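Peer 1: Quick one: the structure is below, and I'll ask about it shortly.
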Amino acid sequence: MIELSRQCFDIGLLTQQRDAMLTFWRDVIGLAVTQELNPAEGVVQYKLDLKGAVLKLNCVDMELPKNNALNGLRLLMIADVDVSSPRHMKDPDGNLVCLVPPGYFNIQTFSAHFAVSDEAAFEHFYRDVLQLQQVEERAYDLGGAVISYGWSPDVVAGADTTGPGYYYLTIQVMDAAATHSRLCARGAVEDQAIGGQGISTDSIISFIRDPDGNKIEISQRPDFVASKISPEFDHTHSKNIAMTIY
């Protein structure tokens, strides 16, 4: 099992439409902005509260490539007590988001849904590599949020998906090096080893990829670790500010 330092997982977005995307996610979906960072020249990152996790809106001035293939992460479903049936929407970049009643397909907080090229490979990845608990057919719990998947004919495993859209997941853990090592030993593909990022942050991070090449960040943030070890720790006064688009 993955030893989390904070429940749920974070989701990262890339966009060139800062104002329109911020207005949508903040004012239409209702996610509060908790932090604004300038991690690099030409990049502004807004951290929005996603049911205790974070939606990272990475706004870039540079021209993003037009993808030849869609990203694997296709849909974000968010539990909302004010809706009685699923409410489907698209953000200004065309990313799919759906507000659902709490409990819909076991979603109490939110769910990330992946289109995949091989369902058997993803079942092995979530069950045997990440060792998550299954909550529905093709759906697994990760810290109180849900990851689900389903086959789609338009998925190209390993395709370049660095254009606008949902881009990566972040898992906050107690020990990034140990978690990275265990996951790779079980069959996860290493994308970026511990210590090779060249970024300005107190966090220790690495990246792995799922069977289709979708990026998953493994992050060890000092304030989350301290808070888990000592619940009275006040992380709001921590100097840890992750200055990275990841």
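Residue names in the structure tokens use chain letters A, B, ... in the order shown, residue numbers from 1 in each chain, and ligand numbers from 1 in the order shown.
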I'd like the contact shell of A:Phe110 - 8 Å cut-off, only C-alpha atoms, skipping same-chain residues fewer than 4 positions apart - returned as a PyMOL selection string.
Peer 2: chain A and resi 50-51+76-79+145-146
Peer 1: Suppose we keep all heavy atoms; can you now write the selection as a tab-separated table (two decimals), in the first residue's frame?
Peer 2:
```tsv
chain	number	residue	atom	x	y	z
A	50	LEU	N	-9.53	21.36	-4.40
A	50	LEU	CA	-10.35	20.33	-5.01
A	50	LEU	C	-10.71	19.30	-3.94
A	50	LEU	O	-10.07	18.27	-3.80
A	50	LEU	CB	-9.60	19.66	-6.17
A	50	LEU	CG	-10.32	18.53	-6.92
A	50	LEU	CD1	-11.61	19.03	-7.57
A	50	LEU	CD2	-9.39	17.92	-7.95
A	51	LYS	N	-11.70	19.63	-3.11
A	51	LYS	CA	-12.18	18.71	-2.08
A	51	LYS	C	-11.04	18.24	-1.18
A	51	LYS	O	-10.93	17.06	-0.84
A	51	LYS	CB	-12.88	17.51	-2.72
A	51	LYS	CG	-14.04	17.85	-3.62
A	51	LYS	CD	-15.21	18.41	-2.84
A	51	LYS	CE	-16.39	18.70	-3.73
A	51	LYS	NZ	-17.56	19.22	-2.98
A	76	LEU	N	-12.96	14.71	-15.37
A	76	LEU	CA	-12.92	14.95	-13.94
A	76	LEU	C	-14.35	15.07	-13.44
A	76	LEU	O	-15.11	15.92	-13.91
A	76	LEU	CB	-12.14	16.23	-13.64
A	76	LEU	CG	-12.06	16.68	-12.17
A	76	LEU	CD1	-11.42	15.62	-11.31
A	76	LEU	CD2	-11.32	18.01	-12.06
A	77	MET	N	-14.73	14.19	-12.51
A	77	MET	CA	-16.06	14.24	-11.90
A	77	MET	C	-15.92	14.73	-10.47
A	77	MET	O	-15.08	14.22	-9.72
A	77	MET	CB	-16.73	12.87	-11.94
A	77	MET	CG	-17.14	12.44	-13.35
A	77	MET	SD	-18.09	10.89	-13.39
A	77	MET	CE	-16.76	9.70	-13.19
A	78	ILE	N	-16.72	15.71	-10.09
A	78	ILE	CA	-16.62	16.35	-8.77
A	78	ILE	C	-17.96	16.23	-8.05
A	78	ILE	O	-19.00	16.60	-8.60
A	78	ILE	CB	-16.24	17.83	-8.91
A	78	ILE	CG1	-14.94	17.99	-9.71
A	78	ILE	CG2	-16.10	18.47	-7.53
A	78	ILE	CD1	-14.59	19.43	-10.04
A	79	ALA	N	-17.92	15.70	-6.83
A	79	ALA	CA	-19.14	15.60	-6.03
A	79	ALA	C	-19.62	16.99	-5.63
A	79	ALA	O	-18.84	17.82	-5.17
A	79	ALA	CB	-18.89	14.74	-4.79
A	145	ALA	N	-10.44	9.58	-3.00
A	145	ALA	CA	-10.88	9.97	-4.34
A	145	ALA	C	-10.81	8.72	-5.23
A	145	ALA	O	-10.20	7.72	-4.87
A	145	ALA	CB	-10.01	11.08	-4.91
A	146	VAL	N	-11.44	8.79	-6.39
A	146	VAL	CA	-11.59	7.62	-7.24
A	146	VAL	C	-10.82	7.80	-8.55
A	146	VAL	O	-10.84	8.88	-9.15
A	146	VAL	CB	-13.08	7.35	-7.55
A	146	VAL	CG1	-13.24	6.18	-8.53
A	146	VAL	CG2	-13.84	7.05	-6.26
```
Peer 1: Just the helix (DSSP H, G or I) stuff from stretch 17-205 of chain A, please, per backbone DSSP, written as a ChimeraX atom specification.
Peer 2: /A:18-28,119-129,176-185
Peer 1: Between A:Leu31, A:Val173, A:Val60, A:Ala226, which has the minimum distance to A:Leu48 (counting only C-alpha atoms)?
Peer 2: A:Leu31
Peer 1: Excluding A:Pro92 and any residue of its chain fewer than 5 positions from it, enumerate the residues within 9 Å of it, using only C-alpha atoms, and give them as JSON, numbers by chain.
Peer 2: {"A": [17, 20, 21, 24]}
Peer 1: Just the number, please: distance in Å from atom CA of A:Arg186 to atom CA of A:Ile204, one decimal.
Peer 2: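 So the answer is 20.9 Å.
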Peer 1: Point out the residue among A:Asp210, A:Thr15, A:Met1, A:Gly158 with the least atom-to-atom distance to A:Pro65, counting only C-alpha atoms.
Peer 2: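 The closest residue to A:Pro65 is A:Thr15.
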Peer 1: Among stretch 8-241 of chain A, which residues carry a DSSP assignment of strand (DSSP E), reported as a JSON list (two decimals) with C-alpha atoms, in the first residue's frame?
Peer 2:
```
[["chain", "number", "residue", "atom", "x", "y", "z"],
["A", 10, "ASP", "CA", -3.79, 16.33, -7.16],
["A", 11, "ILE", "CA", -4.48, 16.97, -10.84],
["A", 12, "GLY", "CA", -2.37, 19.18, -13.09],
["A", 13, "LEU", "CA", -3.62, 21.12, -16.11],
["A", 14, "LEU", "CA", -1.69, 22.95, -18.84],
["A", 15, "THR", "CA", -3.30, 25.93, -20.56],
["A", 33, "VAL", "CA", -7.85, 29.69, -5.33],
["A", 34, "THR", "CA", -5.52, 28.91, -2.40],
["A", 35, "GLN", "CA", -2.19, 29.98, -3.88],
["A", 36, "GLU", "CA", -0.70, 31.78, -6.89],
["A", 37, "LEU", "CA", 2.89, 31.04, -7.88],
["A", 38, "ASN", "CA", 5.33, 32.22, -10.54],
["A", 39, "PRO", "CA", 7.49, 29.08, -10.77],
["A", 40, "ALA", "CA", 9.31, 30.08, -13.94],
["A", 43, "VAL", "CA", 4.43, 30.42, -16.11],
["A", 44, "VAL", "CA", 1.75, 31.21, -13.53],
["A", 45, "GLN", "CA", 0.37, 28.37, -11.42],
["A", 46, "TYR", "CA", -2.93, 28.68, -9.58],
["A", 47, "LYS", "CA", -3.64, 26.10, -6.90],
["A", 48, "LEU", "CA", -7.37, 25.54, -6.48],
["A", 49, "ASP", "CA", -8.96, 23.59, -3.63],
["A", 50, "LEU", "CA", -10.35, 20.33, -5.01],
["A", 53, "ALA", "CA", -6.75, 18.03, -2.88],
["A", 54, "VAL", "CA", -5.39, 20.49, -5.45],
["A", 55, "LEU", "CA", -6.22, 21.29, -9.04],
["A", 56, "LYS", "CA", -3.03, 22.87, -10.40],
["A", 57, "LEU", "CA", -3.84, 25.30, -13.20],
["A", 58, "ASN", "CA", -0.52, 25.83, -14.97],
["A", 59, "CYS", "CA", -0.84, 28.86, -17.26],
["A", 60, "VAL", "CA", 1.95, 29.27, -19.80],
["A", 73, "LEU", "CA", -7.05, 11.59, -18.55],
["A", 74, "ARG", "CA", -10.39, 12.45, -20.12],
["A", 75, "LEU", "CA", -12.87, 13.41, -17.41],
["A", 76, "LEU", "CA", -12.92, 14.95, -13.94],
["A", 77, "MET", "CA", -16.06, 14.24, -11.90],
["A", 78, "ILE", "CA", -16.62, 16.35, -8.77],
["A", 79, "ALA", "CA", -19.14, 15.60, -6.03],
["A", 87, "ARG", "CA", -24.15, 17.97, -14.94],
["A", 88, "HIS", "CA", -21.75, 17.73, -17.89],
["A", 89, "MET", "CA", -19.58, 20.69, -18.92],
["A", 90, "LYS", "CA", -16.41, 21.61, -20.81],
["A", 96, "LEU", "CA", -14.54, 17.44, -19.73],
["A", 97, "VAL", "CA", -15.83, 18.00, -16.19],
["A", 98, "CYS", "CA", -18.98, 16.66, -14.59],
["A", 99, "LEU", "CA", -20.63, 17.65, -11.31],
["A", 100, "VAL", "CA", -22.31, 14.65, -9.68],
["A", 110, "PHE", "CA", -13.91, 13.58, -6.98],
["A", 111, "SER", "CA", -12.92, 11.07, -9.63],
["A", 112, "ALA", "CA", -10.40, 11.09, -12.48],
["A", 113, "HIS", "CA", -11.36, 8.93, -15.45],
["A", 114, "PHE", "CA", -8.80, 7.59, -17.92],
["A", 115, "ALA", "CA", -9.34, 6.31, -21.44],
["A", 116, "VAL", "CA", -6.96, 3.37, -21.87],
["A", 133, "GLN", "CA", -8.67, -0.84, -3.24],
["A", 134, "GLN", "CA", -11.30, -1.57, -5.90],
["A", 135, "VAL", "CA", -14.61, 0.23, -5.27],
["A", 136, "GLU", "CA", -16.43, -0.49, -8.54],
["A", 139, "ALA", "CA", -12.63, 1.94, -10.44],
["A", 140, "TYR", "CA", -10.21, 2.22, -7.51],
["A", 141, "ASP", "CA", -9.94, 4.36, -4.38],
["A", 142, "LEU", "CA", -6.85, 6.50, -3.80],
["A", 145, "ALA", "CA", -10.88, 9.97, -4.34],
["A", 146, "VAL", "CA", -11.59, 7.62, -7.24],
["A", 147, "ILE", "CA", -9.55, 6.66, -10.30],
["A", 148, "SER", "CA", -11.52, 4.91, -13.02],
["A", 149, "TYR", "CA", -10.74, 3.73, -16.53],
["A", 150, "GLY", "CA", -12.32, 2.33, -19.67],
["A", 151, "TRP", "CA", -11.08, 1.21, -23.07],
["A", 165, "GLY", "CA", -5.36, 19.71, -21.11],
["A", 166, "TYR", "CA", -5.26, 17.40, -18.12],
["A", 167, "TYR", "CA", -1.60, 16.48, -17.80],
["A", 168, "TYR", "CA", -0.62, 14.54, -14.66],
["A", 169, "LEU", "CA", -1.61, 13.28, -11.21],
["A", 170, "THR", "CA", 0.31, 14.00, -8.00],
["A", 171, "ILE", "CA", 0.38, 11.61, -5.03],
["A", 172, "GLN", "CA", 1.64, 13.05, -1.73],
["A", 189, "VAL", "CA", 7.79, 2.76, -15.71],
["A", 190, "GLU", "CA", 10.26, 5.30, -14.36],
["A", 191, "ASP", "CA", 9.90, 8.69, -16.02],
["A", 192, "GLN", "CA", 12.08, 10.84, -13.75],
["A", 204, "ILE", "CA", 11.28, 15.60, -3.00],
["A", 205, "ILE", "CA", 9.65, 14.40, -6.21],
["A", 206, "SER", "CA", 9.89, 11.82, -8.95],
["A", 207, "PHE", "CA", 7.70, 10.69, -11.82],
["A", 208, "ILE", "CA", 6.45, 7.34, -13.02],
["A", 209, "ARG", "CA", 4.22, 6.47, -15.97],
["A", 215, "LYS", "CA", 2.52, 10.87, -15.84],
["A", 216, "ILE", "CA", 2.16, 10.35, -12.09],
["A", 217, "GLU", "CA", 4.18, 12.54, -9.74],
["A", 218, "ILE", "CA", 5.39, 11.07, -6.45],
["A", 219, "SER", "CA", 5.82, 13.99, -4.02],
["A", 220, "GLN", "CA", 7.20, 14.16, -0.48]]
```
Peer 1: Closest to A:Gly94 among A:Gly143, A:Pro153, A:Gly30, A:Pro164, using only C-alpha atoms?
Peer 2: A:Pro164
Peer 1: Go through A:Val225, A:Ala193, A:Ala159, A:Ala185 and flag the residue nearest A:Gln7, using only C-alpha atoms for the distances.
Peer 2: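 The answer is A:Val225, which sits nearest to A:Gln7.
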Peer 1: Measuring atom to atom with only C-alpha atoms, identify which of A:Ser203, A:Ser181, A:Ser230, A:Gln16 is nearest to A:Met62.
Peer 2: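 Smallest distance to A:Met62 is found for A:Gln16.
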Peer 1: Skipping near chain neighbours, those fewer than 2 positions away, what residues fall within 7 Å of A:Pro211 using only C-alpha atoms, listed as an NGL selection string?
Peer 2: :A and (121-122 or 209 or 213)
